[in-house]
>>> print(open('target_24.cif').read())   # mmCIF, C-alpha atoms
data_upload
#
loop_
_atom_site.label_atom_id
_atom_site.label_comp_id
_atom_site.auth_asym_id
_atom_site.auth_seq_id
_atom_site.Cartn_x
_atom_site.Cartn_y
_atom_site.Cartn_z
CA MET V 7 0.00 0.00 0.00
CA HIS V 8 1.32 3.43 -0.89
CA ARG V 9 1.49 5.83 2.06
CA LEU V 10 2.14 9.52 2.15
CA PRO V 11 5.49 10.63 3.56
CA SER V 12 5.57 11.91 7.15
CA SER V 13 4.72 15.46 6.11
CA ALA V 14 1.45 14.32 4.54
CA PRO V 15 -0.84 14.74 7.60
CA SER V 16 -0.31 18.50 7.50
CA LEU V 17 -1.06 18.64 3.77
CA ARG V 18 -4.04 16.28 3.64
CA PRO V 19 -6.61 18.69 5.21
CA ALA V 20 -5.65 21.37 2.72
CA LEU V 21 -5.94 18.91 -0.15
CA PHE V 22 -9.36 17.69 0.97
CA ALA V 23 -10.51 21.28 1.49
CA LEU V 24 -9.57 22.14 -2.08
CA LEU V 25 -11.28 19.06 -3.52
CA LEU V 26 -14.42 19.45 -1.43
CA ALA V 27 -14.64 23.10 -2.45
CA LEU V 28 -15.30 21.92 -5.99
CA PRO V 29 -17.56 18.88 -5.63
CA PHE V 30 -18.85 19.24 -9.14
CA ALA V 31 -15.37 19.00 -10.56
CA ALA V 32 -14.84 15.59 -9.00
CA GLN V 33 -18.18 14.44 -10.39
CA ALA V 34 -17.18 15.71 -13.81
CA ALA V 35 -13.98 13.70 -13.75
CA GLU V 36 -15.64 10.50 -12.51
CA ALA V 37 -18.89 10.40 -14.47
CA PRO V 38 -18.61 8.62 -17.82
CA LYS V 39 -19.66 10.83 -20.67
CA GLN V 40 -22.56 9.60 -22.77
CA PRO V 41 -22.73 10.58 -26.42
CA ALA V 42 -25.04 13.55 -26.69
CA ALA V 43 -27.28 14.58 -29.52
CA ALA V 44 -26.07 17.54 -31.54
CA PRO V 45 -28.56 20.11 -30.11
CA ALA V 46 -27.67 19.14 -26.51
CA ALA V 47 -23.96 19.37 -27.26
CA ALA V 48 -24.41 22.85 -28.69
CA ALA V 49 -26.32 23.94 -25.60
CA ASP V 50 -23.76 22.42 -23.21
CA PRO V 51 -20.36 22.59 -24.93
CA VAL V 52 -17.09 21.17 -23.64
CA VAL V 53 -15.19 24.08 -22.10
CA ILE V 54 -12.14 22.25 -20.67
CA LYS V 55 -10.26 19.12 -21.76
CA ILE V 56 -7.81 17.65 -19.25
CA ASN V 57 -5.85 14.57 -20.31
CA GLY V 58 -8.78 13.42 -22.42
CA SER V 59 -11.50 14.10 -19.81
CA ASP V 60 -14.19 16.60 -20.78
CA ILE V 61 -15.70 19.28 -18.51
CA HIS V 62 -18.88 20.90 -19.80
CA ARG V 63 -20.25 24.39 -19.44
CA SER V 64 -23.10 23.10 -17.23
CA GLU V 65 -20.56 22.02 -14.61
CA VAL V 66 -19.08 25.53 -14.52
CA VAL V 67 -22.59 26.99 -14.17
CA ALA V 68 -23.35 24.59 -11.31
CA ILE V 69 -20.31 25.80 -9.40
CA GLN V 70 -21.28 29.44 -9.98
CA ARG V 71 -24.77 28.75 -8.59
CA SER V 72 -23.27 27.07 -5.53
CA LEU V 73 -21.58 30.38 -4.64
CA GLY V 74 -24.90 31.96 -3.64
CA GLN V 75 -27.84 33.83 -5.10
CA GLN V 76 -25.93 37.05 -5.80
CA ALA V 77 -23.16 35.23 -7.68
CA ALA V 78 -25.72 33.15 -9.61
CA SER V 79 -27.42 36.32 -10.87
CA MET V 80 -24.19 37.76 -12.31
CA PRO V 81 -22.75 37.01 -15.78
CA LEU V 82 -20.89 33.70 -15.92
CA GLU V 83 -17.96 35.42 -17.66
CA GLN V 84 -17.09 37.24 -14.42
CA PHE V 85 -16.40 33.91 -12.70
CA TYR V 86 -15.33 31.72 -15.58
CA GLN V 87 -11.56 32.20 -15.39
CA ARG V 88 -11.35 31.56 -11.64
CA ILE V 89 -13.65 28.52 -11.82
CA GLN V 90 -11.75 27.23 -14.84
CA GLU V 91 -8.41 27.49 -13.03
CA ARG V 92 -9.73 25.72 -9.94
CA LEU V 93 -11.34 22.97 -11.97
CA ILE V 94 -8.04 22.29 -13.69
CA VAL V 95 -6.11 22.25 -10.41
CA SER V 96 -8.70 20.03 -8.76
CA LYS V 97 -8.67 17.54 -11.66
CA LEU V 98 -4.88 17.37 -11.82
CA LEU V 99 -4.54 16.87 -8.08
CA GLY V 100 -7.30 14.28 -8.11
CA ASP V 101 -5.64 12.30 -10.88
CA ALA V 102 -2.29 12.49 -9.07
CA ALA V 103 -3.89 11.23 -5.85
CA LYS V 104 -5.38 8.24 -7.69
CA ALA V 105 -2.07 7.52 -9.39
CA ALA V 106 -0.52 7.37 -5.90
CA LYS V 107 -3.20 4.79 -4.95
CA LEU V 108 -4.49 7.07 -2.20
CA ASP V 109 -8.05 5.96 -2.95
CA THR V 110 -7.15 2.72 -1.12
CA ASP V 111 -5.71 4.52 1.92
CA PRO V 112 -7.71 3.53 5.06
CA GLU V 113 -7.95 7.16 6.20
CA VAL V 114 -9.24 8.21 2.79
CA LYS V 115 -11.77 5.38 2.83
CA ALA V 116 -12.93 6.45 6.28
CA ASP V 117 -13.35 10.04 5.11
CA VAL V 118 -15.28 8.89 2.03
CA ALA V 119 -17.53 6.67 4.14
CA LYS V 120 -18.22 9.58 6.49
CA ALA V 121 -19.04 11.87 3.56
CA GLN V 122 -21.38 9.23 2.11
CA ASP V 123 -23.20 8.92 5.44
CA GLU V 124 -23.60 12.71 5.60
CA LEU V 125 -24.93 12.80 2.04
CA LYS V 126 -27.41 10.01 2.83
CA ALA V 127 -28.64 11.97 5.86
CA GLN V 128 -28.99 15.12 3.76
CA LEU V 129 -30.86 13.22 1.07
CA ALA V 130 -33.22 11.68 3.65
CA LYS V 131 -33.89 15.15 5.11
CA ALA V 132 -34.52 16.61 1.65
CA GLN V 133 -36.93 13.78 0.86
CA GLU V 134 -38.78 14.39 4.13
CA GLN V 135 -39.06 18.11 3.36
CA ILE V 136 -40.38 17.42 -0.15
CA VAL V 137 -42.96 14.90 1.09
CA THR V 138 -44.06 17.30 3.85
CA LYS V 139 -44.42 20.15 1.37
CA VAL V 140 -46.59 17.99 -0.90
CA PHE V 141 -48.69 16.82 2.07
CA VAL V 142 -49.31 20.43 3.15
CA SER V 143 -50.19 21.48 -0.41
CA HIS V 144 -52.74 18.64 -0.57
CA LEU V 145 -54.31 19.79 2.71
CA GLU V 146 -54.54 23.35 1.40
CA ALA V 147 -55.99 22.30 -1.96
CA LYS V 148 -58.61 20.08 -0.32
CA ALA V 149 -59.75 22.90 1.96
CA ALA V 150 -59.58 25.80 -0.51
CA THR V 151 -61.95 24.48 -3.18
CA ASP V 152 -63.70 26.94 -5.47
CA ALA V 153 -66.97 26.28 -3.64
CA ALA V 154 -65.40 26.85 -0.21
CA VAL V 155 -63.72 30.08 -1.32
CA LYS V 156 -67.00 31.37 -2.82
CA ALA V 157 -68.92 30.49 0.35
CA LEU V 158 -66.39 32.37 2.49
CA TYR V 159 -66.63 35.38 0.19
CA ASP V 160 -70.44 35.36 0.37
CA LYS V 161 -70.26 35.20 4.17
CA ASN V 162 -67.70 37.97 4.71
CA PHE V 163 -67.92 40.31 1.72
CA LYS V 164 -70.96 39.89 -0.51
CA ASP V 165 -73.62 42.61 -0.17
CA LYS V 166 -71.75 44.17 2.72
CA PRO V 167 -70.83 47.87 2.54
CA GLY V 168 -67.21 48.79 2.34
CA GLU V 169 -65.27 50.80 4.89
CA PRO V 170 -65.36 54.61 5.12
CA GLU V 171 -62.51 56.28 3.26
CA VAL V 172 -61.14 59.80 2.99
CA HIS V 173 -59.12 61.42 0.25
CA ALA V 174 -56.69 63.74 2.04
CA ARG V 175 -53.64 65.93 1.67
CA HIS V 176 -51.13 66.78 4.37
CA ILE V 177 -48.23 69.08 5.14
CA LEU V 178 -45.53 67.65 7.42
CA VAL V 179 -43.12 69.90 9.34
CA ASP V 180 -40.73 69.56 12.27
CA SER V 181 -42.29 71.90 14.83
CA GLU V 182 -45.68 72.88 16.17
CA ASP V 183 -44.92 76.55 15.52
CA GLU V 184 -44.26 75.86 11.82
CA ALA V 185 -47.56 74.01 11.58
CA LYS V 186 -49.42 76.86 13.30
CA ALA V 187 -47.92 79.37 10.85
CA ILE V 188 -49.11 77.21 7.92
CA ILE V 189 -52.62 77.04 9.38
CA ALA V 190 -52.55 80.86 9.67
CA ASP V 191 -51.61 81.07 5.96
CA LEU V 192 -54.50 78.75 5.07
CA ASP V 193 -56.88 80.88 7.13
CA LYS V 194 -55.85 83.82 4.93
CA GLY V 195 -56.76 81.88 1.79
CA GLY V 196 -53.44 80.15 1.05
CA ASP V 197 -53.43 77.28 -1.45
CA PHE V 198 -52.92 74.00 0.42
CA GLY V 199 -51.21 72.20 -2.47
CA LYS V 200 -48.74 75.01 -3.15
CA ILE V 201 -47.83 75.34 0.52
CA ALA V 202 -47.33 71.57 0.73
CA ASP V 203 -44.93 71.57 -2.22
CA GLU V 204 -42.99 74.48 -0.73
CA LYS V 205 -42.80 73.57 2.96
CA SER V 206 -43.68 69.92 3.59
CA LYS V 207 -40.95 67.43 4.55
CA ASP V 208 -42.93 64.79 2.67
CA LYS V 209 -41.71 65.80 -0.78
CA GLY V 210 -43.70 64.35 -3.66
CA GLY V 211 -44.46 67.30 -5.89
CA ASN V 212 -48.14 66.40 -5.70
CA GLY V 213 -49.38 68.97 -3.22
CA GLY V 214 -49.25 66.56 -0.29
CA ASP V 215 -51.86 64.28 -1.87
CA LEU V 216 -52.24 60.95 -0.02
CA GLY V 217 -55.06 59.55 -2.15
CA TRP V 218 -57.88 57.47 -0.68
CA PHE V 219 -57.30 55.49 2.50
CA THR V 220 -59.21 53.72 5.27
CA LYS V 221 -58.75 54.53 8.94
CA ASP V 222 -56.42 51.60 9.59
CA LYS V 223 -53.91 52.66 6.92
CA MET V 224 -52.51 55.64 8.84
CA VAL V 225 -51.09 56.09 12.32
CA PRO V 226 -53.92 56.56 14.86
CA GLU V 227 -53.29 60.26 15.59
CA PHE V 228 -53.43 61.08 11.89
CA SER V 229 -56.50 58.95 11.11
CA THR V 230 -58.46 60.24 14.11
CA ALA V 231 -57.97 63.83 12.98
CA ALA V 232 -58.58 63.15 9.27
CA PHE V 233 -61.82 61.21 9.76
CA LYS V 234 -63.31 64.03 11.87
CA LEU V 235 -63.05 66.47 8.97
CA ALA V 236 -65.75 67.11 6.38
CA LYS V 237 -65.05 67.57 2.69
CA GLY V 238 -62.92 70.69 2.12
CA GLU V 239 -61.99 71.19 5.78
CA TYR V 240 -58.48 71.30 7.23
CA THR V 241 -57.24 70.84 10.77
CA LYS V 242 -57.35 74.05 12.81
CA ALA V 243 -54.68 72.75 15.19
CA PRO V 244 -51.46 70.88 14.36
CA VAL V 245 -51.59 67.09 14.61
CA LYS V 246 -48.59 65.40 16.30
CA SER V 247 -47.41 61.95 15.20
CA GLN V 248 -44.16 59.99 15.32
CA PHE V 249 -43.19 61.63 12.01
CA GLY V 250 -43.60 65.26 13.06
CA TRP V 251 -46.40 67.84 12.97
CA HIS V 252 -49.15 67.57 10.35
CA VAL V 253 -51.69 69.90 8.83
CA ILE V 254 -54.39 67.80 7.15
CA GLN V 255 -56.99 68.70 4.55
CA VAL V 256 -59.78 66.36 3.42
CA GLU V 257 -60.57 66.53 -0.29
CA ASP V 258 -63.50 64.10 -0.20
CA THR V 259 -65.12 61.27 1.75
CA ARG V 260 -66.88 58.09 0.68
CA VAL V 261 -67.79 54.55 1.63
CA ALA V 262 -65.60 52.22 -0.38
CA PRO V 263 -67.40 49.75 -2.66
CA PRO V 264 -67.36 46.11 -1.49
CA GLN V 265 -64.32 44.17 -2.62
CA THR V 266 -65.01 41.94 -5.59
CA PHE V 267 -64.50 38.18 -5.51
CA ASP V 268 -61.47 38.41 -7.79
CA GLU V 269 -59.85 41.03 -5.53
CA VAL V 270 -59.94 38.80 -2.44
CA LYS V 271 -59.97 35.30 -3.94
CA ASP V 272 -56.26 34.58 -3.37
CA LYS V 273 -56.41 35.93 0.18
CA LEU V 274 -59.41 33.73 0.99
CA LYS V 275 -57.71 30.67 -0.51
CA ALA V 276 -54.68 31.25 1.69
CA GLU V 277 -56.88 31.74 4.74
CA LEU V 278 -58.74 28.46 4.18
CA GLY V 279 -55.50 26.61 3.48
CA ASN V 280 -53.84 27.96 6.64
CA GLU V 281 -56.84 27.00 8.75
CA ALA V 282 -56.75 23.43 7.40
CA VAL V 283 -53.02 23.06 8.09
CA GLU V 284 -53.35 24.50 11.61
CA ALA V 285 -56.24 22.12 12.34
CA LYS V 286 -54.20 19.13 11.15
CA ILE V 287 -51.21 20.20 13.27
CA LYS V 288 -53.46 20.51 16.34
CA GLU V 289 -54.92 17.06 15.63
CA LEU V 290 -51.48 15.47 15.25
CA GLN V 291 -50.17 17.12 18.40
CA GLY V 292 -53.16 15.80 20.35
CA LYS V 293 -52.45 12.22 19.25
CA ALA V 294 -48.65 12.30 19.52
CA LYS V 295 -46.44 11.53 22.51
CA ILE V 296 -43.97 14.41 22.52
CA GLU V 297 -41.00 14.63 24.88
CA VAL V 298 -38.89 17.78 24.98
CA PHE V 299 -35.43 17.94 26.53
CA GLN V 300 -33.04 20.77 27.29
CA VAL V 301 -30.47 21.74 24.67
CA ASP V 302 -27.84 19.51 26.32
CA GLY V 303 -30.19 16.51 26.26
CA SER V 304 -30.92 16.53 29.98
CA PRO V 305 -34.52 16.38 31.27
CA MET V 306 -36.48 19.60 31.46
CA PRO V 307 -36.83 20.99 35.00
CA PRO V 308 -40.20 20.36 36.62
CA PRO V 309 -42.72 23.16 36.18
CA ALA V 310 -42.78 25.73 38.92
CA PRO V 311 -45.58 25.16 41.47
CA PRO V 312 -48.53 27.51 41.12
CA ALA V 313 -48.30 30.65 43.20
CA ALA V 314 -50.12 30.52 46.50
CA PRO V 315 -53.36 32.49 46.52
CA ALA V 316 -53.02 35.94 48.01
CA ALA V 317 -54.16 36.32 51.58
CA PRO V 318 -57.46 38.16 51.90
CA ALA V 319 -57.17 41.80 52.79
CA ALA V 320 -57.40 42.46 56.49
CA GLY V 321 -60.75 43.93 57.45
CA PRO V 322 -61.83 45.73 60.63
CA THR V 323 -61.63 43.63 63.76
CA LEU V 324 -65.08 43.07 65.20
CA VAL V 325 -65.19 43.25 68.95
CA PRO V 326 -68.33 41.73 70.44
CA THR V 327 -70.41 44.23 72.37
CA PRO V 328 -70.86 43.21 75.98
CA ALA V 329 -74.42 42.59 77.06
CA PRO V 330 -75.88 45.28 79.31
CA ALA V 331 -75.72 44.45 82.99
CA LYS V 332 -78.98 43.36 84.57
#
>>> encode(input="target_24.cif", output="structure tokens")
Amino acid sequence: MHRLPSSAPSLRPALFALLLALPFAAQAAEAPKQPAAAPAAAADPVVIKINGSDIHRSEVVAIQRSLGQQAASMPLEQFYQRIQERLIVSKLLGDAAKAAKLDTDPEVKADVAKAQDELKAQLAKAQEQIVTKVFVSHLEAKAATDAAVKALYDKNFKDKPGEPEVHARHILVDSEDEAKAIIADLDKGGDFGKIADEKSKDKGGNGGDLGWFTKDKMVPEFSTAAFKLAKGEYTKAPVKSQFGWHVIQVEDTRVAPPQTFDEVKDKLKAELGNEAVEAKIKELQGKAKIEVFQVDGSPMPPPAPPAAPAAPAAGPTLVPTPAPAK
């Protein structure tokens, strides 16, 4: 059996690190190449030849994708030279290791066996995740039928009036005094839109227009003030919120039309699906025997005893009245 010289133990981790960093390269060297049809070959050309072994473009792309989402979204050309160089080095070192019969080394075999066990565990976990995902999707699909979604829409939305809405503008400034000065300008006939474009911190070039909104879409202080105003009115006192000081003008008010089925269909489907999954989880938890341990594997501490009830408040001491002497 061929053994590495005494200096090998210090080099072996570095060698394995390099080879494991390019798992696809090892696969490319090992996998026998099947003859490909002409269109497939054109789509996946050979980009490197090393001592008669072919490496295809798809293997370079696979390594680029393994570098993360950001790298995968960038042009392959930006990575090609570095990946190409590492593939060549990895292949040459791998061939040299085989030529030295290191694939029969007991330590190498042990490392390979360990890696195979880890891959099997990862594959089993991936299979479990896929099966679970399909199971959940079946639960959701069974619950969120077209009929069930329509029935939920009819119950919660059909023929029911929409929520009150206001169409408002605002001017946002840093201080109460600035807001009071703006209100004074409006009292003199100032144009709200022009003042908003000139002085508001909320720059949009649209005269402070916020469009239509329901009460829950704005912070409470703002909504409370806005929904008290009638059409054309503005706040006579500054409104304070976490963003600063507001002057608000209501352009119009209305009750929003009911949401159509198509507008809420996807939301209702998700709601029905979530309810079905939560119900199944609750059912499974009720039937299962579940034991939870601490992070080090030791038993969980017993639950703390319930607190003793508080002593009743002391009332006035009643002293019996002595009977009158006879």
>>> closest_atom_pairs(input="target_24.cif", of="region 124-234 of chain V", to="region 256-269 of chain V", cutoff="8 Å", atoms="all atoms listed in the file", output="CSV")
residue,atom,partner,partner_atom,distance
V:Lys156,CA,V:Phe267,CA,7.7
V:Tyr159,CA,V:Phe267,CA,6.7
V:Phe163,CA,V:Pro264,CA,6.7
V:Lys164,CA,V:Pro264,CA,7.3
V:Asp165,CA,V:Pro264,CA,7.3
V:Lys166,CA,V:Pro264,CA,6.4
V:Pro167,CA,V:Pro264,CA,5.6
V:Gly168,CA,V:Ala262,CA,4.7
V:Glu169,CA,V:Ala262,CA,5.5
V:Pro170,CA,V:Val261,CA,4.3
V:Glu171,CA,V:Arg260,CA,5.4
V:Val172,CA,V:Thr259,CA,4.4
V:His173,CA,V:Asp258,CA,5.2
V:Ala174,CA,V:Val256,CA,4.3
V:Arg175,CA,V:Val256,CA,6.4
V:Ala232,CA,V:Val256,CA,6.8
>>> atom_distance(input="target_24.cif", atom1="CA of Val253 (chain V)", atom2="CA of Asp222 (chain V)")
18.9 Å
>>> atom_distance(input="target_24.cif", atom1="CA of Asp203 (chain V)", atom2="CA of Ile188 (chain V)")
12.3 Å
>>> atom_distance(input="target_24.cif", atom1="CA of Trp218 (chain V)", atom2="CA of Leu278 (chain V)")
29.4 Å
>>> closest_residue(input="target_24.cif", among="V:Gln255, V:Ala202, V:Lys271, V:Pro305", to="Ala153 (chain V)", atoms="all atoms listed in the file")
V:Lys271
>>> closest_residue(input="target_24.cif", among="V:Leu73, V:Ala314, V:Ala236, V:Ile201", to="Val179 (chain V)", atoms="only C-alpha atoms")
V:Ile201
>>> closest_residue(input="target_24.cif", among="V:Ala149, V:Leu178, V:Ile189, V:Ala105", to="Asp208 (chain V)", atoms="all atoms listed in the file")
V:Leu178
>>> axis_aligned_box(input="target_24.cif", around="region 212-231 of chain V", padding_each_side="6 Å", output="AutoDock Vina command-line options")
--center_x -53.7 --center_y 60.3 --center_z 4.9 --size_x 23.1 --size_y 29.4 --size_z 33.3
>>> closest_residue(input="target_24.cif", among="V:Ala243, V:Ile56, V:Asn280, V:Ser72", to="Val95 (chain V)", atoms="all atoms listed in the file")
V:Ile56
>>> closest_residue(input="target_24.cif", among="V:Val67, V:Val298, V:Ala147, V:Asp101", to="Pro81 (chain V)", atoms="only C-alpha atoms")
V:Val67
>>> resolve_selection(input="target_24.cif", expression="the PyMOL selection byres ((chain V and resi 55) around 12)", output="list of chain:residue names")
V:Ala34, V:Ala35, V:Pro51, V:Val52, V:Val53, V:Ile54, V:Ile56, V:Asn57, V:Gly58, V:Ser59, V:Asp60, V:Ile61, V:His62, V:Arg63, V:Gln90, V:Leu93, V:Ile94, V:Lys97, V:Leu98
>>> closest_residue(input="target_24.cif", among="V:Lys237, V:Val245, V:Ala119, V:Ala231", to="Ser181 (chain V)", atoms="all atoms listed in the file")
V:Val245
>>> residues_around(input="target_24.cif", residues="Asp180 (chain V)", least_positions_apart="6", cutoff="12 Å", atoms="all atoms listed in the file", output="PyMOL selection string")
chain V and resi 186+205-208+244-253
